[in-house]
$ cat model.cif   # mmCIF, C-alpha atoms
data_my_file
#
loop_
_atom_site.label_atom_id
_atom_site.label_comp_id
_atom_site.auth_asym_id
_atom_site.auth_seq_id
_atom_site.Cartn_x
_atom_site.Cartn_y
_atom_site.Cartn_z
CA MET J 535 22.58 -40.32 -71.40
CA PHE J 536 23.74 -39.98 -67.78
CA THR J 537 26.71 -42.04 -66.73
CA LEU J 538 26.97 -43.66 -63.34
CA GLN J 539 29.54 -41.07 -62.28
CA SER J 540 27.28 -38.13 -63.22
CA LYS J 541 24.37 -39.74 -61.33
CA TRP J 542 26.46 -39.89 -58.19
CA ARG J 543 27.55 -36.30 -58.72
CA TYR J 544 23.92 -35.10 -58.95
CA LEU J 545 22.96 -37.19 -55.92
CA VAL J 546 25.76 -35.65 -53.87
CA MET J 547 24.73 -32.18 -55.00
CA PHE J 548 21.12 -32.90 -54.10
CA LEU J 549 22.08 -34.15 -50.65
CA GLY J 550 24.31 -31.12 -50.19
CA VAL J 551 21.47 -28.75 -51.00
CA GLN J 552 19.24 -30.61 -48.55
CA LEU J 553 21.89 -30.35 -45.84
CA VAL J 554 22.24 -26.60 -46.42
CA VAL J 555 18.45 -26.10 -46.26
CA MET J 556 18.22 -28.21 -43.11
CA ALA J 557 21.08 -26.28 -41.54
CA LEU J 558 19.37 -22.97 -42.32
CA LEU J 559 16.06 -24.21 -40.99
CA SER J 560 17.74 -25.60 -37.93
CA ARG J 561 19.52 -22.29 -37.35
CA GLU J 562 16.26 -20.35 -37.73
CA GLY J 563 14.54 -22.72 -35.35
CA TYR J 564 17.39 -22.41 -32.92
CA GLN J 565 17.12 -18.63 -33.05
CA ARG J 566 13.40 -18.83 -32.51
CA ARG J 567 13.89 -21.08 -29.52
CA VAL J 568 16.54 -18.80 -28.06
CA SER J 569 14.33 -15.76 -28.67
CA TYR J 570 11.42 -17.56 -27.05
CA PHE J 571 13.38 -18.26 -23.90
CA PHE J 572 14.71 -14.71 -23.83
CA ARG J 573 11.11 -13.45 -24.06
CA ILE J 574 10.15 -15.72 -21.17
CA PHE J 575 12.97 -14.35 -19.07
CA ARG J 576 12.08 -10.78 -19.98
CA ARG J 577 8.44 -11.45 -19.20
CA THR J 578 9.40 -13.03 -15.90
CA ASP J 579 11.64 -10.10 -15.03
CA HIS J 580 8.96 -7.67 -16.08
CA GLY J 581 6.34 -9.59 -14.13
CA THR J 582 8.59 -9.69 -11.10
CA SER J 583 9.24 -5.98 -11.26
CA ALA J 584 5.56 -5.31 -11.86
CA HIS J 585 4.68 -7.54 -8.93
CA GLY J 586 7.26 -5.73 -6.88
CA ALA J 587 5.76 -2.43 -7.98
CA ARG J 588 2.34 -3.69 -7.01
CA ASN J 589 3.67 -4.73 -3.64
CA ALA J 590 5.32 -1.37 -3.28
CA THR J 591 2.10 0.44 -4.09
CA THR J 592 -0.05 -1.77 -1.92
CA THR J 593 2.19 -1.17 1.07
CA GLY J 594 1.55 2.54 0.48
CA GLY J 595 1.48 5.11 3.24
CA ASP J 596 -0.52 5.88 6.35
CA VAL J 597 -4.23 6.41 5.67
CA TYR J 598 -4.21 9.25 8.23
CA ALA J 599 -1.09 10.89 6.79
CA ASN J 600 -2.53 14.03 5.20
CA LEU J 601 -5.63 14.57 7.37
CA SER J 602 -3.82 16.74 9.92
CA VAL J 603 -4.49 19.73 7.63
CA LEU J 604 -8.22 19.40 8.40
CA VAL J 605 -9.41 21.44 11.35
CA ARG J 606 -12.87 22.23 12.64
CA THR J 607 -13.99 25.70 11.58
CA PRO J 608 -17.05 27.79 12.50
CA ALA J 609 -20.11 26.87 10.46
CA LYS J 610 -20.45 28.92 7.28
CA GLU J 611 -23.27 29.06 4.79
CA ASP J 612 -21.16 30.15 1.83
CA LEU J 613 -18.55 27.41 1.65
CA PRO J 614 -17.23 26.76 -1.87
CA LEU J 615 -17.90 23.45 -3.54
CA CYS J 616 -15.21 20.87 -2.96
CA PRO J 617 -13.04 20.27 -6.04
CA LYS J 618 -14.10 17.49 -8.37
CA LYS J 619 -10.92 15.61 -7.47
CA SER J 620 -10.02 15.78 -3.83
CA PRO J 621 -6.49 17.09 -3.15
CA LEU J 622 -6.33 14.70 -0.17
CA ILE J 623 -6.37 11.57 -2.33
CA GLY J 624 -3.14 9.67 -1.79
CA GLY J 625 -3.69 6.35 -3.59
CA PRO J 626 -2.73 3.01 -1.98
CA PHE J 627 -2.21 2.83 1.77
CA ARG J 628 -1.02 0.19 4.22
CA VAL J 629 -3.60 -2.09 5.81
CA THR J 630 -2.53 -3.95 8.93
CA PHE J 631 -4.45 -5.22 11.94
CA PRO J 632 -2.60 -4.12 15.07
CA SER J 633 -3.46 -5.91 18.27
CA GLY J 634 -4.98 -3.89 21.08
CA LEU J 635 -6.83 -1.41 18.87
CA THR J 636 -9.89 0.08 20.62
CA LEU J 637 -12.84 2.14 19.43
CA ALA J 638 -11.68 4.92 21.76
CA GLN J 639 -8.41 5.09 19.81
CA VAL J 640 -10.32 5.19 16.50
CA GLU J 641 -12.45 8.01 17.87
CA GLN J 642 -9.35 9.93 18.94
CA ARG J 643 -7.88 9.63 15.42
CA ASN J 644 -11.08 11.05 13.90
CA PRO J 645 -11.89 14.27 15.81
CA LEU J 646 -14.07 15.72 13.04
CA VAL J 647 -16.50 12.77 13.00
CA THR J 648 -19.66 13.76 14.86
CA ARG J 649 -22.36 11.87 16.73
CA GLY J 650 -23.81 8.96 14.76
CA GLY J 651 -20.70 8.59 12.57
CA ARG J 652 -21.40 11.68 10.48
CA TYR J 653 -18.83 13.79 8.69
CA ARG J 654 -18.79 16.84 6.42
CA PRO J 655 -15.66 18.44 4.96
CA PRO J 656 -14.80 21.44 7.18
CA ASN J 657 -13.58 23.77 4.43
CA CYS J 658 -15.83 23.07 1.43
CA GLU J 659 -19.30 21.82 0.55
CA ALA J 660 -19.27 18.15 -0.45
CA ARG J 661 -20.39 17.26 -3.95
CA HIS J 662 -21.59 13.80 -2.86
CA ARG J 663 -23.57 12.44 0.09
CA THR J 664 -22.94 8.75 0.83
CA ALA J 665 -24.42 6.40 3.42
CA ILE J 666 -22.44 3.30 4.39
CA ILE J 667 -24.66 0.34 5.36
CA ILE J 668 -22.93 -2.46 7.30
CA PRO J 669 -24.91 -5.63 8.20
CA HIS J 670 -23.62 -6.91 11.52
CA ARG J 671 -23.81 -9.43 14.31
CA ASN J 672 -21.05 -10.58 16.67
CA ARG J 673 -18.30 -8.90 14.62
CA GLU J 674 -17.13 -6.19 17.02
CA HIS J 675 -13.49 -7.20 16.51
CA HIS J 676 -13.79 -6.68 12.74
CA LEU J 677 -15.85 -3.51 13.10
CA LYS J 678 -13.16 -1.55 14.94
CA PHE J 679 -10.63 -2.26 12.14
CA LEU J 680 -13.11 -1.29 9.43
CA LEU J 681 -13.94 1.98 11.21
CA TYR J 682 -10.24 2.69 11.76
CA TYR J 683 -9.62 2.66 7.99
CA LEU J 684 -13.00 3.65 6.58
CA HIS J 685 -13.35 7.03 8.31
CA PRO J 686 -10.07 8.53 7.02
CA PHE J 687 -10.61 6.82 3.64
CA LEU J 688 -13.92 8.66 3.23
CA GLN J 689 -12.57 11.94 4.59
CA ARG J 690 -9.79 11.91 2.01
CA GLN J 691 -12.51 11.79 -0.67
CA GLN J 692 -14.19 14.91 0.82
CA LEU J 693 -17.56 13.19 1.15
CA ASP J 694 -20.54 14.10 3.28
CA TYR J 695 -21.13 10.67 4.79
CA GLY J 696 -22.75 8.64 7.56
CA ILE J 697 -22.05 5.09 8.75
CA TYR J 698 -24.93 2.81 9.77
CA ILE J 699 -24.43 -0.51 11.57
CA ILE J 700 -27.54 -2.68 11.12
CA HIS J 701 -27.38 -5.22 13.91
CA GLN J 702 -29.52 -8.37 13.78
CA ALA J 703 -30.97 -9.13 17.21
CA GLY J 704 -31.32 -12.64 18.59
CA GLU J 705 -29.60 -15.89 17.69
CA TYR J 706 -31.63 -16.92 14.65
CA THR J 707 -29.84 -17.55 11.34
CA PHE J 708 -28.17 -14.43 9.94
CA ASN J 709 -29.84 -12.66 7.00
CA ARG J 710 -27.35 -10.27 5.41
CA ALA J 711 -29.45 -9.11 2.45
CA LYS J 712 -32.51 -8.36 4.57
CA LEU J 713 -30.38 -6.29 6.94
CA MET J 714 -29.17 -4.26 3.96
CA ASN J 715 -32.79 -3.62 2.97
CA VAL J 716 -33.43 -2.43 6.52
CA GLY J 717 -30.35 -0.21 6.31
CA PHE J 718 -31.54 1.36 3.07
CA ARG J 719 -34.95 2.22 4.51
CA GLU J 720 -33.69 3.51 7.85
CA ALA J 721 -30.87 5.57 6.32
CA MET J 722 -33.21 7.16 3.79
CA ARG J 723 -35.62 8.02 6.58
CA GLU J 724 -32.89 10.13 8.19
CA GLU J 725 -31.30 11.78 5.16
CA GLU J 726 -31.77 12.11 1.42
CA TRP J 727 -28.56 10.28 0.55
CA ASP J 728 -27.28 10.41 -3.05
CA CYS J 729 -25.61 7.03 -2.81
CA LEU J 730 -25.69 3.99 -0.51
CA PHE J 731 -22.72 1.65 -0.09
CA PHE J 732 -23.49 -1.83 1.21
CA HIS J 733 -20.32 -2.92 2.95
CA ASP J 734 -19.22 -6.21 4.52
CA VAL J 735 -17.64 -5.62 7.93
CA ASP J 736 -14.57 -7.73 7.14
CA LEU J 737 -13.41 -5.94 3.96
CA ILE J 738 -10.92 -3.06 4.15
CA PRO J 739 -10.32 -0.86 1.07
CA GLU J 740 -6.65 -0.42 0.17
CA ASP J 741 -6.72 2.55 -2.24
CA ASP J 742 -8.58 5.84 -1.72
CA ARG J 743 -8.89 6.34 -5.48
CA ASN J 744 -11.69 3.79 -5.20
CA SER J 745 -14.41 6.42 -5.13
CA TYR J 746 -17.30 5.86 -2.71
CA THR J 747 -19.77 7.62 -4.96
CA CYS J 748 -22.39 6.10 -7.24
CA ASP J 749 -22.13 5.64 -11.00
CA LEU J 750 -24.60 5.60 -13.86
CA PHE J 751 -25.15 1.90 -13.13
CA PRO J 752 -24.98 -0.11 -9.88
CA LYS J 753 -21.34 -0.30 -8.79
CA HIS J 754 -19.47 -3.36 -7.58
CA ALA J 755 -16.54 -1.78 -5.74
CA ALA J 756 -14.80 -4.86 -4.26
CA ILE J 757 -13.58 -6.18 -7.59
CA ALA J 758 -10.14 -7.29 -6.37
CA MET J 759 -10.01 -9.01 -2.96
CA ASP J 760 -6.88 -10.63 -1.59
CA LYS J 761 -9.09 -13.66 -0.86
CA PHE J 762 -9.43 -14.21 -4.64
CA GLY J 763 -5.84 -13.26 -5.55
CA TYR J 764 -6.94 -9.69 -6.34
CA LYS J 765 -9.03 -10.90 -9.28
CA LEU J 766 -12.75 -10.93 -10.03
CA PRO J 767 -13.88 -14.51 -9.27
CA TYR J 768 -16.59 -14.49 -11.97
CA LYS J 769 -18.34 -11.97 -14.20
CA MET J 770 -21.63 -11.58 -12.34
CA TYR J 771 -20.08 -11.45 -8.86
CA PHE J 772 -21.59 -8.56 -6.88
CA GLY J 773 -20.45 -9.34 -3.35
CA GLY J 774 -18.46 -7.64 -0.63
CA VAL J 775 -18.96 -3.95 -1.32
CA SER J 776 -21.55 -2.53 -3.71
CA ALA J 777 -23.15 0.85 -4.30
CA LEU J 778 -26.49 2.01 -5.68
CA THR J 779 -28.45 5.22 -5.91
CA PRO J 780 -31.90 5.14 -4.29
CA LEU J 781 -33.48 5.00 -7.75
CA GLN J 782 -31.30 2.07 -8.85
CA TYR J 783 -32.05 0.25 -5.61
CA LEU J 784 -35.81 0.57 -5.98
CA LYS J 785 -35.66 -0.25 -9.70
CA MET J 786 -34.43 -3.75 -8.80
CA ASN J 787 -36.78 -4.01 -5.78
CA GLY J 788 -33.83 -3.87 -3.41
CA PHE J 789 -32.26 -7.09 -2.19
CA PRO J 790 -33.92 -10.45 -1.44
CA ASN J 791 -35.29 -11.05 2.07
CA ASN J 792 -35.39 -14.86 1.99
CA TYR J 793 -31.69 -15.86 2.01
CA TRP J 794 -31.04 -17.15 5.53
CA GLY J 795 -27.45 -18.16 6.20
CA TRP J 796 -24.30 -17.82 4.10
CA GLY J 797 -24.30 -17.66 0.31
CA GLY J 798 -26.52 -16.97 -2.66
CA GLU J 799 -27.73 -13.43 -1.98
CA ASP J 800 -24.82 -11.75 -3.82
CA ASP J 801 -25.59 -13.69 -7.01
CA ASP J 802 -29.31 -13.00 -6.62
CA ILE J 803 -28.50 -9.29 -6.39
CA GLY J 804 -26.31 -9.48 -9.49
CA ILE J 805 -29.18 -11.10 -11.39
CA ARG J 806 -31.57 -8.39 -10.15
CA VAL J 807 -29.28 -5.72 -11.59
CA SER J 808 -29.61 -7.36 -15.02
CA LEU J 809 -33.36 -7.96 -14.67
CA GLY J 810 -33.77 -4.29 -13.74
CA GLY J 811 -32.31 -3.37 -17.13
CA MET J 812 -28.97 -2.20 -15.73
CA ALA J 813 -25.32 -3.14 -16.15
CA ILE J 814 -22.64 -3.49 -13.46
CA SER J 815 -20.07 -0.72 -13.07
CA ARG J 816 -16.64 -1.53 -11.64
CA PRO J 817 -13.37 0.26 -10.88
CA SER J 818 -10.12 -1.07 -12.32
CA LEU J 819 -8.44 -4.07 -10.70
CA ASN J 820 -5.51 -2.03 -9.39
CA ILE J 821 -7.87 0.42 -7.61
CA GLY J 822 -10.76 -1.72 -6.37
CA ARG J 823 -8.51 -3.66 -4.00
CA TYR J 824 -9.64 -4.95 -0.59
CA LYS J 825 -8.04 -6.91 2.20
CA MET J 826 -10.26 -9.38 4.04
CA ILE J 827 -9.96 -9.95 7.77
CA LYS J 828 -9.59 -13.71 7.98
CA HIS J 829 -12.22 -15.57 9.95
CA LYS J 830 -14.33 -18.72 10.02
CA LEU J 831 -18.04 -18.92 9.29
CA ASP J 832 -19.97 -17.55 12.24
CA GLU J 833 -22.26 -19.70 14.32
CA GLY J 834 -25.74 -18.90 13.09
CA ASN J 835 -24.45 -18.09 9.59
CA GLU J 836 -23.95 -21.59 8.23
CA ARG J 837 -24.08 -22.25 4.49
CA ASN J 838 -27.57 -21.99 3.06
CA PRO J 839 -28.33 -25.42 1.55
CA GLU J 840 -31.21 -24.00 -0.52
CA ARG J 841 -29.24 -21.18 -2.16
CA PHE J 842 -28.84 -22.79 -5.59
CA ASN J 843 -32.52 -23.73 -5.82
CA MET J 844 -33.45 -20.19 -4.82
CA LEU J 845 -31.10 -18.65 -7.39
CA ALA J 846 -32.76 -20.71 -10.12
CA LYS J 847 -36.06 -18.97 -9.29
CA THR J 848 -34.83 -15.36 -9.08
CA ARG J 849 -36.53 -14.41 -12.35
CA GLN J 850 -39.86 -15.44 -10.85
CA THR J 851 -39.32 -14.01 -7.36
CA TRP J 852 -37.43 -10.70 -7.67
CA LYS J 853 -40.56 -8.55 -8.11
CA LEU J 854 -42.28 -10.25 -5.16
CA ASP J 855 -39.42 -10.50 -2.67
CA GLY J 856 -37.55 -7.32 -1.81
CA MET J 857 -38.28 -3.81 -0.61
CA ASN J 858 -41.99 -4.26 -1.35
CA SER J 859 -42.22 -7.24 1.04
CA LEU J 860 -39.81 -6.07 3.77
CA GLU J 861 -40.94 -6.55 7.38
CA TYR J 862 -38.90 -5.82 10.48
CA GLU J 863 -38.98 -4.12 13.87
CA VAL J 864 -36.51 -1.53 15.12
CA ILE J 865 -35.56 -2.51 18.65
CA SER J 866 -33.17 0.34 19.35
CA ARG J 867 -31.33 3.18 17.67
CA ALA J 868 -28.14 4.52 19.23
CA TYR J 869 -26.04 7.41 17.92
CA MET J 870 -22.51 6.35 18.81
CA PRO J 871 -19.42 8.53 18.33
CA LEU J 872 -18.30 6.62 15.19
CA TYR J 873 -21.53 5.18 13.79
CA THR J 874 -25.29 4.90 14.13
CA ASN J 875 -26.28 1.51 15.54
CA ILE J 876 -29.73 0.23 14.60
CA THR J 877 -30.69 -3.08 16.23
CA VAL J 878 -33.56 -4.86 14.49
CA ASN J 879 -35.71 -7.95 14.65
CA VAL J 880 -35.91 -9.46 11.16
CA GLY J 881 -37.92 -12.52 12.17
CA THR J 882 -37.48 -15.97 10.64
CA GLU J 883 -38.50 -17.80 7.47
CA GLU J 884 -41.98 -18.04 8.98
CA GLY J 885 -42.33 -14.28 9.25
CA LEU J 886 -41.71 -11.47 11.67
CA HIS J 887 -44.11 -12.85 14.27
CA PRO J 888 -44.93 -16.46 13.31
CA ALA J 889 -48.22 -17.65 14.76
CA PRO J 890 -47.79 -20.23 17.55
CA LYS J 891 -48.83 -23.78 16.76
CA THR J 892 -51.42 -23.66 19.54
CA LEU J 893 -52.96 -20.40 20.70
CA ASP J 894 -53.90 -20.04 24.36
CA PRO J 895 -56.98 -17.74 24.55
CA ALA J 896 -55.71 -16.37 27.85
CA GLU J 897 -52.63 -14.96 26.09
CA GLY J 898 -54.65 -12.86 23.69
CA ASP J 899 -53.96 -12.28 20.00
CA THR J 900 -50.61 -12.90 18.39
CA PRO J 901 -48.84 -9.56 17.82
CA LYS J 902 -48.99 -8.36 14.23
CA SER J 903 -46.07 -7.22 12.10
CA ALA J 904 -45.69 -3.57 11.27
CA SER J 905 -47.55 -2.44 8.19
CA ILE J 906 -45.39 -1.84 5.13
CA ASN J 907 -47.75 0.93 4.00
CA ALA J 908 -47.47 2.62 7.38
CA ASP J 909 -43.69 2.47 7.07
CA LYS J 910 -43.85 4.06 3.64
CA GLU J 911 -46.07 6.82 5.00
CA MET J 912 -43.52 7.47 7.75
CA ILE J 913 -40.75 7.74 5.13
CA ALA J 914 -42.82 10.19 3.10
CA GLU J 915 -43.57 12.21 6.23
CA ASP J 916 -39.91 12.29 7.19
CA LYS J 917 -38.92 13.58 3.78
CA LYS J 918 -41.30 16.53 4.31
CA THR J 919 -39.46 17.50 7.47
CA PRO J 920 -36.67 20.02 6.73
CA ARG J 921 -33.17 18.82 7.47
CA LEU J 922 -31.29 20.54 10.31
#

$ encode --input "model.cif" --output "structure tokens"
Amino acid sequence: MFTLQSKWRYLVMFLGVQLVVMALLSREGYQRRVSYFFRIFRRTDHGTSAHGARNATTTGGDVYANLSVLVRTPAKEDLPLCPKKSPLIGGPFRVTFPSGLTLAQVEQRNPLVTRGGRYRPPNCEARHRTAIIIPHRNREHHLKFLLYYLHPFLQRQQLDYGIYIIHQAGEYTFNRAKLMNVGFREAMREEEWDCLFFHDVDLIPEDDRNSYTCDLFPKHAAIAMDKFGYKLPYKMYFGGVSALTPLQYLKMNGFPNNYWGWGGEDDDIGIRVSLGGMAISRPSLNIGRYKMIKHKLDEGNERNPERFNMLAKTRQTWKLDGMNSLEYEVISRAYMPLYTNITVNVGTEEGLHPAPKTLDPAEGDTPKSASINADKEMIAEDKKTPRL
């Protein structure tokens, strides 16, 4: 039978064991906490150095740096194919917006670009033929910066390319997606392009490893804009800069024609990609980087208040609204030194030539919009004509 003294002895021993266990646990917890904070500091240091590396790479070099080796040579029929990976690729380059830049200066920096904004590598036959479609109105200031960077960017990739500015005439609400449809049709009437890039005028690529060629699926190239912290804002985002082959474009019936004003058309296009049975291809975040020229919403391009209602109906409308319902009029076509400018009338929500509310018999009939079938026949006829 335990005595009082032995009970106290066992109690002291028990408390001692508890204290030892608590001390060990406390020590282990302390070590864990110290290790945790060390990991935080290491991660911070690593993140800082990585961020610094990213900054170092994004500052990059001059986009024109290695193009001095290119010189115009007499036309040859037996040029070798360009290498699969261009030796002119340099990776990230600096993007700044110097004041006083003029189109004449851009033209001077790009002596191998020919009338209409066309270019072919002078010493090899390009593997890819890319058309750049830029919807435009009242953005001349942005356009000169885009052309300043885009021409050498494309030349470094050894592409056979052409740049098309699709200018919306008049002061009616801007329709970006419809202008891109117009650009597709007009560009394909001139050349049998392999790939078409649909490019916002205010986005400048920052890395020439971002290939301006098409992929197996429609490509969203502007995956990392500075506007969004160089991250993809959401999974189905398809805005800014995108690329499709002619077959991919027609498979999704092109882009919608009925989005007047800012917003909605990019998401509609992303949905069309999925409804056409295709996925979205993207470059990596560290390559698909773009810098946006800051600006306010343009007058005549106010937010579209109906965009969300329209997006909810895309599944019902995508086969009815697109390339198969496109109507427009070409007002003028000008082959400028750095680009082809096509000015078009895209009409209004009421159509290309809405009927007047009251018709004066003395004025004759209301003019009719151009026939879509006639336009298709013209495209087919153009394709029969041999290229020069």

$ resolve_selection --input "model.cif" --expression "the PyMOL selection byres ((chain J and resi 682) around 12)" --output "JSON, numbers by chain"
{"J": [596, 597, 598, 629, 630, 631, 632, 635, 636, 637, 638, 639, 640, 641, 642, 643, 644, 647, 675, 676, 677, 678, 679, 680, 681, 683, 684, 685, 686, 687, 688, 689, 735, 738, 739, 872, 873]}

$ closest_residue --input "model.cif" --among "J:Trp852, J:Phe732, J:Phe627, J:Phe718" --to "Gly773 of chain J" --atoms "only C-alpha atoms"
J:Phe732

$ residues_around --input "model.cif" --residues "Ala868 of chain J" --least-positions-apart "3" --cutoff "12 Å" --atoms "all atoms listed in the file" --output "short mmCIF file (atom, residue, chain, number, x, y, z; two decimals) with C-alpha atoms, in the frame of the given file"
data_model
loop_
_atom_site.label_atom_id
_atom_site.label_comp_id
_atom_site.auth_asym_id
_atom_site.auth_seq_id
_atom_site.Cartn_x
_atom_site.Cartn_y
_atom_site.Cartn_z
CA ARG J 649 -22.36 11.87 16.73
CA GLY J 650 -23.81 8.96 14.76
CA GLY J 651 -20.70 8.59 12.57
CA TYR J 698 -24.93 2.81 9.77
CA ILE J 699 -24.43 -0.51 11.57
CA ILE J 700 -27.54 -2.68 11.12
CA HIS J 701 -27.38 -5.22 13.91
CA VAL J 864 -36.51 -1.53 15.12
CA ILE J 865 -35.56 -2.51 18.65
CA PRO J 871 -19.42 8.53 18.33
CA LEU J 872 -18.30 6.62 15.19
CA TYR J 873 -21.53 5.18 13.79
CA THR J 874 -25.29 4.90 14.13
CA ASN J 875 -26.28 1.51 15.54
CA ILE J 876 -29.73 0.23 14.60
CA THR J 877 -30.69 -3.08 16.23
CA VAL J 878 -33.56 -4.86 14.49
#

$ atom_distance --input "model.cif" --atom1 "atom CA of Gly811 of chain J" --atom2 "atom CA of Lys853 of chain J"
13.3 Å

$ closest_residue --input "model.cif" --among "J:Asp802, J:Ile821, J:Ala813, J:Gly774" --to "Phe762 of chain J" --atoms "all atoms listed in the file"
J:Gly774

$ closest_residue --input "model.cif" --among "J:Lys785, J:Asn791, J:Lys847, J:Ile814" --to "Phe772 of chain J" --atoms "all atoms listed in the file"
J:Ile814

$ closest_residue --input "model.cif" --among "J:Asp612, J:Glu799, J:Glu840, J:Glu720" --to "Ser866 of chain J" --atoms "all atoms listed in the file"
J:Glu720

$ resolve_selection --input "model.cif" --expression "the PyMOL selection byres ((chain J and resi 746) around 8)" --output "PyMOL selection string"
chain J and resi 664+688+691+731+744-745+747-748+777

$ atom_distance --input "model.cif" --atom1 "atom CA of Gly788 of chain J" --atom2 "atom CA of Tyr768 of chain J"
22.0 Å

$ atom_distance --input "model.cif" --atom1 "atom CA of Leu646 of chain J" --atom2 "atom CA of Arg673 of chain J"
25.0 Å

$ resolve_selection --input "model.cif" --expression "the PyMOL selection byres ((chain J and resi 808) around 12)" --output "list of chain:residue names"
J:Phe751, J:Pro752, J:Met770, J:Phe772, J:Gln782, J:Lys785, J:Met786, J:Asp801, J:Asp802, J:Ile803, J:Gly804, J:Ile805, J:Arg806, J:Val807, J:Leu809, J:Gly810, J:Gly811, J:Met812, J:Ala813, J:Ile814, J:Ser815, J:Thr848, J:Arg849, J:Trp852

$ closest_residue --input "model.cif" --among "J:Gly634, J:Ser776, J:Lys769, J:Gly856" --to "Ile666 of chain J" --atoms "only C-alpha atoms"
J:Ser776

$ residues_around --input "model.cif" --residues "Gln702 of chain J" --least-positions-apart "3" --cutoff "9 Å" --atoms "all atoms listed in the file" --output "tab-separated table (two decimals) with C-alpha atoms, in the coordinates of the input"
chain	number	residue	atom	x	y	z
J	669	PRO	CA	-24.91	-5.63	8.20
J	670	HIS	CA	-23.62	-6.91	11.52
J	671	ARG	CA	-23.81	-9.43	14.31
J	705	GLU	CA	-29.60	-15.89	17.69
J	706	TYR	CA	-31.63	-16.92	14.65
J	708	PHE	CA	-28.17	-14.43	9.94
J	709	ASN	CA	-29.84	-12.66	7.00
J	710	ARG	CA	-27.35	-10.27	5.41
J	713	LEU	CA	-30.38	-6.29	6.94
J	876	ILE	CA	-29.73	0.23	14.60
J	877	THR	CA	-30.69	-3.08	16.23
J	878	VAL	CA	-33.56	-4.86	14.49
J	879	ASN	CA	-35.71	-7.95	14.65
J	880	VAL	CA	-35.91	-9.46	11.16
